[in-house]
>>> print(open('query-v2.csv').read())   # CSV, C-alpha atoms and all ligand atoms
chain,number,residue,atom,x,y,z
C,1,MET,CA,73.6,95.6,27.8
C,2,VAL,CA,75.4,95.0,24.6
C,3,GLY,CA,78.5,92.9,24.3
C,4,ALA,CA,81.0,92.1,27.1
C,5,LYS,CA,80.6,94.4,30.1
C,6,GLU,CA,82.9,95.1,33.0
C,7,VAL,CA,82.2,96.6,36.4
C,8,LEU,CA,84.9,98.7,38.0
C,9,LEU,CA,84.6,99.0,41.8
C,10,ALA,CA,85.8,102.3,43.4
C,11,GLU,CA,88.2,101.9,46.3
C,12,PRO,CA,87.5,103.0,48.9
C,13,ARG,CA,83.7,103.0,49.0
C,14,GLY,CA,80.9,102.5,51.4
C,15,PHE,CA,81.1,102.5,55.2
C,16,CYS,CA,83.4,104.9,57.0
C,17,ALA,CA,84.6,104.5,60.6
C,18,GLY,CA,82.0,107.0,61.9
C,19,VAL,CA,79.1,105.0,60.4
C,20,ASP,CA,80.5,101.7,61.6
C,21,ARG,CA,80.7,103.1,65.1
C,22,ALA,CA,77.3,104.6,65.1
C,23,ILE,CA,75.6,101.4,63.9
C,24,GLU,CA,77.6,99.4,66.5
C,25,ILE,CA,76.4,101.7,69.3
C,26,VAL,CA,72.8,101.1,68.4
C,27,GLU,CA,73.3,97.3,68.1
C,28,ARG,CA,75.2,97.1,71.3
C,29,ALA,CA,72.6,99.2,73.2
C,30,LEU,CA,69.9,96.9,71.9
C,31,ALA,CA,71.8,93.8,72.9
C,32,LYS,CA,72.6,95.2,76.4
C,33,PHE,CA,69.5,97.0,77.4
C,34,GLY,CA,66.9,95.4,75.1
C,35,ALA,CA,64.3,97.1,72.8
C,36,PRO,CA,63.2,99.7,72.5
C,37,ILE,CA,66.2,102.0,72.1
C,38,TYR,CA,65.4,105.5,70.9
C,39,VAL,CA,67.5,107.2,68.3
C,40,ARG,CA,67.3,110.9,67.5
C,41,HIS,CA,67.2,111.2,63.7
C,42,GLU,CA,68.3,108.5,61.3
C,43,ILE,CA,71.4,107.0,62.9
C,44,VAL,CA,73.1,107.4,59.5
C,45,HIS,CA,71.4,108.4,56.3
C,46,ASN,CA,70.6,105.0,54.8
C,47,THR,CA,67.2,103.5,54.3
C,48,PHE,CA,68.5,99.8,54.6
C,49,VAL,CA,70.4,100.5,57.8
C,50,VAL,CA,67.5,102.3,59.4
C,51,ASN,CA,65.0,99.6,58.5
C,52,ASP,CA,67.3,96.9,59.7
C,53,LEU,CA,67.7,98.6,63.1
C,54,LYS,CA,64.0,99.3,63.3
C,55,ALA,CA,63.4,95.6,62.9
C,56,LYS,CA,65.8,94.9,65.8
C,57,GLY,CA,63.9,97.3,68.1
C,58,ALA,CA,65.3,100.8,67.5
C,59,ILE,CA,62.7,103.7,67.3
C,60,PHE,CA,63.8,106.7,65.4
C,61,ILE,CA,62.4,110.0,66.5
C,62,GLU,CA,63.0,113.7,65.7
C,63,GLU,CA,61.6,115.4,68.8
C,64,LEU,CA,62.6,114.5,72.4
C,65,ASP,CA,59.0,114.6,73.6
C,66,GLU,CA,58.5,111.4,71.6
C,67,VAL,CA,60.8,109.6,74.0
C,68,PRO,CA,59.2,108.1,77.2
C,69,PRO,CA,60.9,109.0,80.6
C,70,GLY,CA,63.6,106.6,81.6
C,71,SER,CA,64.5,105.5,78.1
C,72,THR,CA,67.8,105.0,76.5
C,73,LEU,CA,68.5,107.6,73.8
C,74,ILE,CA,71.2,107.7,71.1
C,75,PHE,CA,72.2,110.8,69.2
C,76,SER,CA,72.8,110.1,65.5
C,77,ALA,CA,76.2,110.3,63.8
C,78,HIS,CA,75.5,113.8,62.6
C,79,GLY,CA,75.6,115.3,66.1
C,80,VAL,CA,73.2,117.5,67.9
C,81,SER,CA,73.0,121.1,69.1
C,82,LYS,CA,73.8,122.2,72.7
C,83,ALA,CA,70.0,122.8,73.2
C,84,VAL,CA,69.1,119.2,72.2
C,85,GLN,CA,71.9,117.8,74.3
C,86,GLN,CA,70.9,119.8,77.4
C,87,GLU,CA,67.2,119.0,76.9
C,88,ALA,CA,67.9,115.3,76.7
C,89,GLU,CA,70.0,115.5,79.9
C,90,ARG,CA,67.3,117.5,81.6
C,91,ARG,CA,64.8,114.8,80.7
C,92,GLY,CA,67.0,112.3,82.4
C,93,PHE,CA,67.5,109.8,79.5
C,94,ALA,CA,70.4,107.4,79.5
C,95,ILE,CA,72.3,108.9,76.6
C,96,PHE,CA,74.8,107.4,74.2
C,97,ASP,CA,76.4,109.8,71.8
C,98,ALA,CA,77.0,108.3,68.3
C,99,THR,CA,78.1,111.6,66.9
C,100,CYS,CA,81.1,110.9,64.6
C,101,PRO,CA,84.3,111.9,66.4
C,102,LEU,CA,85.2,114.0,63.3
C,103,VAL,CA,82.0,116.0,63.8
C,104,THR,CA,82.7,116.4,67.5
C,105,LYS,CA,86.1,117.7,66.6
C,106,VAL,CA,84.4,120.5,64.7
C,107,HIS,CA,82.1,121.2,67.7
C,108,VAL,CA,85.1,121.4,70.0
C,109,GLU,CA,86.9,123.8,67.6
C,110,VAL,CA,83.8,126.1,67.5
C,111,ALA,CA,83.5,126.1,71.3
C,112,LYS,CA,87.2,126.8,71.8
C,113,LEU,CA,87.4,129.7,69.3
C,114,ALA,CA,84.1,131.2,70.4
C,115,LYS,CA,85.6,131.6,73.9
C,116,GLU,CA,88.5,133.5,72.2
C,117,GLY,CA,85.9,135.9,70.7
C,118,TYR,CA,85.6,134.4,67.2
C,119,GLU,CA,82.6,134.6,65.0
C,120,PHE,CA,82.1,131.8,62.3
C,121,LEU,CA,81.2,131.3,58.7
C,122,MET,CA,79.9,127.7,58.3
C,123,ILE,CA,80.0,126.2,54.8
C,124,GLY,CA,77.3,123.6,54.6
C,125,HIS,CA,73.8,122.7,53.4
C,126,LYS,CA,70.8,124.4,55.1
C,127,GLY,CA,68.6,122.0,57.0
C,128,HIS,CA,71.2,119.1,57.2
C,129,PRO,CA,71.3,117.8,60.8
C,130,GLU,CA,75.0,118.1,61.0
C,131,VAL,CA,74.8,121.8,60.1
C,132,GLU,CA,72.0,122.3,62.7
C,133,GLY,CA,74.2,120.5,65.3
C,134,THR,CA,77.3,122.4,64.6
C,135,MET,CA,75.6,125.8,64.3
C,136,GLY,CA,73.7,124.9,67.5
C,137,GLN,CA,76.9,124.8,69.5
C,138,LEU,CA,76.6,128.5,69.8
C,139,SER,CA,73.5,130.7,70.5
C,140,GLU,CA,74.8,133.4,68.1
C,141,GLY,CA,77.7,134.4,65.9
C,142,ILE,CA,77.7,131.5,63.5
C,143,HIS,CA,76.5,132.2,59.9
C,144,LEU,CA,75.7,129.6,57.3
C,145,VAL,CA,77.1,130.2,53.8
C,146,GLU,CA,75.9,127.7,51.1
C,147,ASP,CA,77.6,129.2,48.1
C,148,GLU,CA,79.6,132.1,46.9
C,149,GLY,CA,76.5,134.2,46.6
C,150,ASP,CA,76.0,133.9,50.4
C,151,VAL,CA,79.6,134.9,51.0
C,152,ALA,CA,79.0,138.2,49.2
C,153,LYS,CA,75.9,138.8,51.4
C,154,VAL,CA,76.9,137.6,54.8
C,155,ALA,CA,77.2,140.3,57.5
C,156,PRO,CA,79.3,139.3,60.5
C,157,ARG,CA,79.5,141.8,63.3
C,158,GLN,CA,83.3,142.1,63.0
C,159,THR,CA,86.0,140.8,60.6
C,160,GLU,CA,89.1,140.6,62.8
C,161,LYS,CA,88.1,137.4,64.5
C,162,LEU,CA,86.4,135.3,61.9
C,163,ALA,CA,86.8,131.6,61.4
C,164,VAL,CA,85.6,129.1,58.8
C,165,VAL,CA,84.2,125.7,59.6
C,166,THR,CA,82.6,123.3,57.2
C,167,GLN,CA,80.2,120.4,57.1
C,168,THR,CA,82.3,117.2,57.0
C,169,THR,CA,80.6,115.7,53.9
C,170,LEU,CA,80.8,118.5,51.3
C,171,SER,CA,82.2,118.4,47.8
C,172,VAL,CA,85.9,119.1,48.3
C,173,ASP,CA,86.1,121.2,45.2
C,174,ASP,CA,82.9,123.3,45.9
C,175,ALA,CA,84.1,123.9,49.5
C,176,ALA,CA,87.5,125.1,48.1
C,177,GLY,CA,85.8,127.6,45.8
C,178,ILE,CA,83.6,128.9,48.7
C,179,LYS,CA,86.6,129.2,51.0
C,180,ALA,CA,88.5,131.1,48.3
C,181,ALA,CA,85.6,133.6,48.0
C,182,ILE,CA,85.6,133.9,51.9
C,183,LYS,CA,89.3,134.7,51.9
C,184,ALA,CA,88.9,137.2,49.1
C,185,ARG,CA,86.3,139.1,51.1
C,186,PHE,CA,87.7,138.5,54.6
C,187,PRO,CA,91.5,138.3,54.2
C,188,LEU,CA,92.0,137.8,58.0
C,189,VAL,CA,89.7,134.8,58.2
C,190,ARG,CA,91.1,131.8,60.2
C,191,GLU,CA,90.9,128.4,58.6
C,192,PRO,CA,90.9,125.1,60.5
C,193,LYS,CA,94.5,123.6,60.9
C,194,GLN,CA,93.2,120.4,59.4
C,195,GLN,CA,90.3,120.7,57.0
C,196,ASP,CA,86.8,119.8,58.4
C,197,ILE,CA,85.8,117.7,55.3
C,198,CYS,CA,86.5,114.2,56.6
C,199,TYR,CA,89.0,111.6,55.4
C,200,ALA,CA,86.1,109.3,54.2
C,201,THR,CA,84.5,112.0,52.1
C,202,GLN,CA,87.8,113.1,50.6
C,203,ASN,CA,88.9,109.5,49.8
C,204,ARG,CA,85.5,108.5,48.2
C,205,GLN,CA,85.6,111.6,46.0
C,206,ASP,CA,89.3,111.1,45.1
C,207,ALA,CA,88.3,107.5,44.0
C,208,VAL,CA,85.5,108.7,41.8
C,209,LYS,CA,87.9,111.2,40.2
C,210,VAL,CA,90.0,108.2,39.1
C,211,LEU,CA,87.1,106.0,38.3
C,212,ALA,CA,84.7,108.2,36.3
C,213,PRO,CA,87.0,109.0,33.3
C,214,GLN,CA,87.5,105.2,32.8
C,215,VAL,CA,83.9,104.2,32.6
C,216,ASP,CA,80.7,105.0,30.5
C,217,LEU,CA,78.4,105.2,33.5
C,218,VAL,CA,78.7,105.6,37.3
C,219,ILE,CA,76.3,104.1,39.8
C,220,VAL,CA,76.4,105.4,43.3
C,221,VAL,CA,74.8,103.3,46.0
C,222,GLY,CA,73.3,105.7,48.6
C,223,SER,CA,70.1,107.1,50.0
C,224,PRO,CA,68.7,110.5,48.7
C,225,THR,CA,69.3,112.0,52.2
C,226,SER,CA,73.0,111.1,52.2
C,227,SER,CA,75.0,114.2,51.6
C,228,ASN,CA,78.3,112.5,50.7
C,229,SER,CA,76.5,110.0,48.3
C,230,ASN,CA,74.9,112.9,46.5
C,231,ARG,CA,78.3,114.6,46.2
C,232,LEU,CA,79.8,111.4,44.6
C,233,ARG,CA,77.0,111.3,41.9
C,234,GLU,CA,77.4,115.1,41.2
C,235,LEU,CA,81.2,114.7,40.9
C,236,ALA,CA,81.0,111.9,38.3
C,237,ASP,CA,78.5,113.9,36.4
C,238,ARG,CA,80.7,117.0,36.4
C,239,LEU,CA,83.6,114.8,35.1
C,240,GLY,CA,81.4,114.1,32.1
C,241,THR,CA,80.2,110.6,33.0
C,242,PRO,CA,76.5,109.9,33.3
C,243,ALA,CA,75.8,109.0,36.9
C,244,TYR,CA,72.9,107.7,38.9
C,245,MET,CA,72.3,107.2,42.6
C,246,VAL,CA,70.3,104.3,43.8
C,247,ASP,CA,69.1,103.2,47.2
C,248,ASN,CA,69.1,99.5,46.2
C,249,ALA,CA,69.4,97.2,43.1
C,250,LEU,CA,65.7,97.5,42.4
C,251,GLU,CA,66.1,101.1,41.4
C,252,LEU,CA,68.5,100.3,38.5
C,253,LYS,CA,67.0,100.9,35.1
C,254,GLN,CA,68.0,98.7,32.2
C,255,GLU,CA,68.2,101.6,29.7
C,256,TRP,CA,71.0,103.2,31.7
C,257,PHE,CA,73.2,100.3,30.7
C,258,ALA,CA,72.3,100.2,27.0
C,259,ASP,CA,75.5,101.8,25.7
C,260,ALA,CA,77.8,101.2,28.7
C,261,ALA,CA,80.7,98.9,28.1
C,262,ARG,CA,82.2,99.7,31.4
C,263,VAL,CA,80.3,100.6,34.5
C,264,GLY,CA,81.8,102.3,37.6
C,265,LEU,CA,80.3,101.5,41.0
C,266,THR,CA,80.8,103.2,44.3
C,267,ALA,CA,78.9,103.7,47.5
C,268,GLY,CA,78.4,106.6,50.0
C,269,ALA,CA,79.9,106.4,53.5
C,270,SER,CA,76.5,105.2,54.9
C,271,ALA,CA,75.7,102.5,52.3
C,272,PRO,CA,76.4,98.9,53.4
C,273,GLU,CA,78.4,96.5,51.1
C,274,VAL,CA,75.5,94.1,51.0
C,275,LEU,CA,73.7,96.6,48.8
C,276,VAL,CA,76.8,96.9,46.5
C,277,ASP,CA,76.8,93.1,46.2
C,278,GLU,CA,73.1,93.2,45.2
C,279,VAL,CA,73.8,95.9,42.6
C,280,ILE,CA,76.6,93.9,41.2
C,281,ALA,CA,74.4,90.8,40.9
C,282,ARG,CA,71.8,92.9,39.0
C,283,ILE,CA,74.4,94.3,36.7
C,284,ARG,CA,75.6,90.8,36.0
C,285,GLN,CA,72.0,89.9,35.0
C,286,LEU,CA,72.2,92.8,32.6
C,287,GLY,CA,75.3,91.5,30.9
C,288,ALA,CA,78.4,92.2,33.0
C,289,VAL,CA,80.9,89.4,32.7
C,290,ALA,CA,83.7,90.8,34.9
C,291,VAL,CA,84.1,92.8,38.2
C,292,ARG,CA,87.4,94.5,38.9
C,293,LYS,CA,88.4,96.4,42.0
C,294,MET,CA,90.3,99.7,41.4
C,295,ASP,CA,93.5,100.3,43.3
C,296,GLY,CA,92.9,102.8,46.1
C,297,ILE,CA,93.7,103.9,49.6
C,298,GLU,CA,93.1,101.2,52.3
C,299,GLU,CA,91.3,102.8,55.3
C,300,THR,CA,92.2,101.4,58.7
C,301,ILE,CA,90.8,104.1,60.9
C,302,LYS,CA,88.5,102.9,63.7
C,303,PHE,CA,86.9,105.0,66.4
C,304,PRO,CA,86.4,103.8,70.0
C,305,LEU,CA,82.9,103.2,71.4
C,306,PRO,CA,81.4,105.2,74.2
C,307,LYS,CA,81.9,104.1,77.8
C,308,GLY,CA,79.3,101.6,78.9
C,309,LEU,CA,79.3,99.9,75.5
C,310,LYS,CA,83.0,99.0,75.2
C,311,ILE,CA,84.1,95.4,75.3
C,312,ASP,CA,87.5,94.4,76.6
C,313,ALA,CA,89.2,92.7,73.6
C,314,ALA,CA,91.2,90.3,75.9
C,315,THR,CA,88.4,89.1,78.2
C,316,GLY,CA,85.3,89.7,76.0
C,317,LEU,CA,83.7,91.5,79.1
C,318,GLU,CA,82.1,94.8,79.2
C,319,ILE,CA,84.5,97.5,80.5
C,320,ALA,CA,82.1,99.8,82.4
C,321,VAL,CA,78.5,99.9,83.3
C,322,ARG,CA,76.0,102.5,82.0
C,323,LYS,CA,75.4,105.6,84.0
C,324,ALA,CA,72.6,107.9,83.2
C,325,PRO,CA,73.1,110.4,81.7
C,326,GLU,CA,76.1,109.3,79.6
C,327,THR,CA,77.5,111.5,76.9
C,328,GLY,CA,80.9,110.0,76.2
C,329,HIS,CA,82.2,109.9,72.5
C,401,LIG,S1,81.3,110.5,56.6
C,401,LIG,FE1,83.1,111.4,57.7
C,401,LIG,S2,82.2,112.7,59.3
C,401,LIG,FE2,80.5,111.4,58.5
C,401,LIG,S3,80.5,109.6,59.8
C,401,LIG,FE3,81.8,109.1,58.2
C,401,LIG,S4,83.9,109.6,58.9
C,401,LIG,FE4,82.4,110.7,60.2
>>> encode(input="query-v2.csv", output="structure tokens")
Amino acid sequence: MVGAKEVLLAEPRGFCAGVDRAIEIVERALAKFGAPIYVRHEIVHNTFVVNDLKAKGAIFIEELDEVPPGSTLIFSAHGVSKAVQQEAERRGFAIFDATCPLVTKVHVEVAKLAKEGYEFLMIGHKGHPEVEGTMGQLSEGIHLVEDEGDVAKVAPRQTEKLAVVTQTTLSVDDAAGIKAAIKARFPLVREPKQQDICYATQNRQDAVKVLAPQVDLVIVVGSPTSSNSNRLRELADRLGTPAYMVDNALELKQEWFADAARVGLTAGASAPEVLVDEVIARIRQLGAVAVRKMDGIEETIKFPLPKGLKIDAATGLEIAVRKAPETGH
């Protein structure tokens, strides 16, 4: 780096309430029942978090036949389809559901409207576990649209009772464009009362919109599988600021910083602050002399833990014992 450099920290950044809760569920299950605890899919899309929990005794699996009978199984924050939930119950696992309550909210909406005869267009990324989980709430009548091209081609059976749902971690701007295309083609389409894109995704994107124009380079801490982290990098890039996503400080490249007097730093909702601290330490080695936090929204939201893993704040005692199967949110 050349001359005095400043790091501007986006606010908010990093862990959201759903990620906090999901990790706490695995840690409490490990503390209470001992290793191994099985987790279906990466609990959240972050390499550091997953490796840390693996070291503590969590085993991450994709298929339920990898889980021995009588085991404790946790569903990841992204949620699961009805078929996976039913199969896990049939196999008799003790289940804890770490699905983010904001994803569950979408599942509940889909189930409710389906009973009223609605068909769905889901805006999301093919193959993402959250999309598989939400689409898998129904056996039919839910169609994935990834972009405006898909909107032009999609062929619902009827158009009077059609509703839109979205993945929670999309680009707010992209989703708005796709929704506009849906409304233009299907004017009667029903939209969710509250948008499905979650508060954490919205707030982190809003923070990057403020940050990116003020800096010469944006670094996003996040794993390649993390949808919301990828959206942050793309957003900064679209705003005209070169942007890179790194899983950890070792991935930073010195040449990125050559002409950057001000570096913006943010982190996806699944990236822990310890990785941000390591990135800051590395940028300091590369010449940064000051770190400044941007002003931004303070997030205070916290989601309750499932029954069987709750601790009474007053007594420090567990509130209820585990029953198998257990699927509380
Ligand atoms: S990013 Fe949003 S939907 Fe995903 S876990 Fe966090 S709060 Fe929940």
>>> closest_residue(input="query-v2.csv", among="C:Lys179, C:Asp20, C:Pro192, C:Gly117", to="Arg157 (chain C)", atoms="only C-alpha atoms")
C:Gly117
>>> axis_aligned_box(input="query-v2.csv", around="ligand LIG 401 (chain C)", padding_each_side="8 Å", output="JSON")
{"center_x": 82.2, "center_y": 110.9, "center_z": 58.4, "size_x": 19.4, "size_y": 19.6, "size_z": 19.6}
>>> residues_near_ligand(input="query-v2.csv", ligand="ligand LIG 401 (chain C)", cutoff="8 Å", atoms="all atoms listed in the file", output="ChimeraX atom specification")
/C:15-19,22,44,77-78,99-103,168-169,197-201,228,269-270
>>> atom_distance(input="query-v2.csv", atom1="CA of Gly14 (chain C)", atom2="CA of Val108 (chain C)")
26.8 Å
>>> residues_around(input="query-v2.csv", residues="Arg21 (chain C)", least_positions_apart="5", cutoff="8 Å", atoms="only C-alpha atoms", output="MDAnalysis selection string")
chainID C and resid 98 100 302:305
>>> closest_residue(input="query-v2.csv", among="C:Ile301, C:Ile23, C:Leu252, C:Ala181", to="Arg282 (chain C)", atoms="all atoms listed in the file")
C:Leu252
>>> closest_residue(input="query-v2.csv", among="C:Gly287, C:Asp237, C:Val208, C:Glu148", to="Ala180 (chain C)", atoms="all atoms listed in the file")
C:Glu148
>>> atom_distance(input="query-v2.csv", atom1="CA of Glu6 (chain C)", atom2="CA of Arg292 (chain C)")
7.4 Å
>>> closest_residue(input="query-v2.csv", among="C:Gly79, C:Pro156, C:Gly124, C:Pro224", to="Lys105 (chain C)", atoms="all atoms listed in the file")
C:Gly79
>>> residues_around(input="query-v2.csv", residues="Arg40 (chain C)", least_positions_apart="4", cutoff="7 Å", atoms="all atoms listed in the file", output="list of chain:residue names")
C:Phe60, C:Ile61, C:Glu62, C:Ile74, C:Phe75, C:Ser76
>>> closest_atom_pairs(input="query-v2.csv", of="region 168-259 of chain C", to="region 276-280 of chain C", cutoff="7 Å", atoms="only C-alpha atoms", output="JSON lines")
{"residue": "C:Val221", "atom": "CA", "partner": "C:Val276", "partner_atom": "CA", "distance": 6.7}
{"residue": "C:Asn248", "atom": "CA", "partner": "C:Val279", "partner_atom": "CA", "distance": 6.9}
{"residue": "C:Ala249", "atom": "CA", "partner": "C:Val279", "partner_atom": "CA", "distance": 4.6}
>>> closest_residue(input="query-v2.csv", among="C:Ile142, C:Asn51, C:Asp196, C:Phe33", to="Val106 (chain C)", atoms="all atoms listed in the file")
C:Asp196
>>> residues_near_point(input="query-v2.csv", point="(77.1, 92.5, 32.9)", cutoff="8 Å", atoms="only C-alpha atoms", output="list in words")
Met1, Ala4, Lys5, Glu6, Val7, Ile283, Arg284, Gln285, Leu286, Gly287, Ala288, Val289 and Ala290 of chain C
>>> residues_near_point(input="query-v2.csv", point="(90.5, 108.5, 36.8)", cutoff="12 Å", atoms="all atoms listed in the file", output="VMD selection string")
chain C and resid 8 10 to 11 205 to 215 235 to 236 239 to 241 264 294 to 296
>>> closest_residue(input="query-v2.csv", among="C:Val220, C:Ala29, C:Leu64, C:Ala281", to="Lys310 (chain C)", atoms="all atoms listed in the file")
C:Ala29
>>> residues_around(input="query-v2.csv", residues="Arg185 (chain C)", least_positions_apart="3", cutoff="12 Å", atoms="all atoms listed in the file", output="list in words")
Glu148, Gly149, Asp150, Val151, Ala152, Lys153, Val154, Ala155, Pro156, Thr159, Leu162, Ile178, Lys179, Ala180, Ala181, Ile182, Leu188 and Val189 of chain C
>>> write_last_selection(input="query-v2.csv", atoms="C-alpha atoms", output="PDB file, in the coordinates of the input")
ATOM      1  CA  GLU C 148      79.600 132.100  46.900  1.00  0.00           C
ATOM      2  CA  GLY C 149      76.500 134.200  46.600  1.00  0.00           C
ATOM      3  CA  ASP C 150      76.000 133.900  50.400  1.00  0.00           C
ATOM      4  CA  VAL C 151      79.600 134.900  51.000  1.00  0.00           C
ATOM      5  CA  ALA C 152      79.000 138.200  49.200  1.00  0.00           C
ATOM      6  CA  LYS C 153      75.900 138.800  51.400  1.00  0.00           C
ATOM      7  CA  VAL C 154      76.900 137.600  54.800  1.00  0.00           C
ATOM      8  CA  ALA C 155      77.200 140.300  57.500  1.00  0.00           C
ATOM      9  CA  PRO C 156      79.300 139.300  60.500  1.00  0.00           C
ATOM     10  CA  THR C 159      86.000 140.800  60.600  1.00  0.00           C
ATOM     11  CA  LEU C 162      86.400 135.300  61.900  1.00  0.00           C
ATOM     12  CA  ILE C 178      83.600 128.900  48.700  1.00  0.00           C
ATOM     13  CA  LYS C 179      86.600 129.200  51.000  1.00  0.00           C
ATOM     14  CA  ALA C 180      88.500 131.100  48.300  1.00  0.00           C
ATOM     15  CA  ALA C 181      85.600 133.600  48.000  1.00  0.00           C
ATOM     16  CA  ILE C 182      85.600 133.900  51.900  1.00  0.00           C
ATOM     17  CA  LEU C 188      92.000 137.800  58.000  1.00  0.00           C
ATOM     18  CA  VAL C 189      89.700 134.800  58.200  1.00  0.00           C
TER      19      VAL C 189
END
>>> residues_around(input="query-v2.csv", residues="Leu138 (chain C)", least_positions_apart="3", cutoff="9 Å", atoms="all atoms listed in the file", output="list of chain:residue names")
C:Ser81, C:Lys82, C:Val110, C:Ala111, C:Ala114, C:Thr134, C:Met135, C:Gly141, C:Ile142
>>> write_last_selection(input="query-v2.csv", atoms="C-alpha atoms", output="PDB file, in the frame of the given file")
ATOM      1  CA  SER C  81      73.000 121.100  69.100  1.00  0.00           C
ATOM      2  CA  LYS C  82      73.800 122.200  72.700  1.00  0.00           C
ATOM      3  CA  VAL C 110      83.800 126.100  67.500  1.00  0.00           C
ATOM      4  CA  ALA C 111      83.500 126.100  71.300  1.00  0.00           C
ATOM      5  CA  ALA C 114      84.100 131.200  70.400  1.00  0.00           C
ATOM      6  CA  THR C 134      77.300 122.400  64.600  1.00  0.00           C
ATOM      7  CA  MET C 135      75.600 125.800  64.300  1.00  0.00           C
ATOM      8  CA  GLY C 141      77.700 134.400  65.900  1.00  0.00           C
ATOM      9  CA  ILE C 142      77.700 131.500  63.500  1.00  0.00           C
TER      10      ILE C 142
END
>>> decode(input="query-v2.csv", residues="region 66-78 of chain C", atoms="N, CA, C and O atoms", output="CSV table (one decimal), in the first residue's frame")
chain,number,residue,atom,x,y,z
C,66,GLU,N,-26.8,-41.3,6.2
C,66,GLU,CA,-25.5,-41.3,6.8
C,66,GLU,C,-25.6,-41.1,8.3
C,66,GLU,O,-24.5,-41.1,9.0
C,67,VAL,N,-26.8,-41.0,8.8
C,67,VAL,CA,-26.9,-40.8,10.3
C,67,VAL,C,-27.3,-42.1,11.0
C,67,VAL,O,-28.4,-42.7,10.6
C,68,PRO,N,-26.6,-42.5,11.9
C,68,PRO,CA,-26.9,-43.8,12.6
C,68,PRO,C,-28.2,-43.7,13.4
C,68,PRO,O,-28.5,-42.6,13.9
C,69,PRO,N,-29.0,-44.8,13.5
C,69,PRO,CA,-30.2,-44.7,14.3
C,69,PRO,C,-29.9,-44.2,15.7
C,69,PRO,O,-28.9,-44.5,16.3
C,70,GLY,N,-30.9,-43.5,16.3
C,70,GLY,CA,-30.8,-43.0,17.7
C,70,GLY,C,-30.0,-41.8,17.8
C,70,GLY,O,-29.8,-41.3,18.9
C,71,SER,N,-29.5,-41.2,16.7
C,71,SER,CA,-28.7,-40.0,16.8
C,71,SER,C,-29.5,-38.7,17.0
C,71,SER,O,-30.7,-38.7,16.7
C,72,THR,N,-28.8,-37.7,17.4
C,72,THR,CA,-29.4,-36.4,17.4
C,72,THR,C,-29.0,-35.7,16.1
C,72,THR,O,-27.9,-35.7,15.7
C,73,LEU,N,-30.1,-35.1,15.4
C,73,LEU,CA,-29.9,-34.5,14.1
C,73,LEU,C,-30.4,-33.0,14.2
C,73,LEU,O,-31.4,-32.7,14.7
C,74,ILE,N,-29.6,-32.1,13.6
C,74,ILE,CA,-29.9,-30.7,13.5
C,74,ILE,C,-30.1,-30.3,12.1
C,74,ILE,O,-29.3,-30.7,11.2
C,75,PHE,N,-31.2,-29.7,11.8
C,75,PHE,CA,-31.4,-29.1,10.4
C,75,PHE,C,-30.7,-27.7,10.3
C,75,PHE,O,-30.8,-27.0,11.3
C,76,SER,N,-30.1,-27.5,9.2
C,76,SER,CA,-29.3,-26.2,9.1
C,76,SER,C,-30.2,-25.0,9.0
C,76,SER,O,-31.4,-25.1,8.9
C,77,ALA,N,-29.6,-23.8,9.1
C,77,ALA,CA,-30.3,-22.6,9.1
C,77,ALA,C,-31.1,-22.3,7.9
C,77,ALA,O,-32.1,-21.5,7.8
C,78,HIS,N,-30.8,-23.1,6.8
C,78,HIS,CA,-31.4,-22.8,5.5
C,78,HIS,C,-32.8,-23.5,5.4
C,78,HIS,O,-33.6,-23.2,4.5
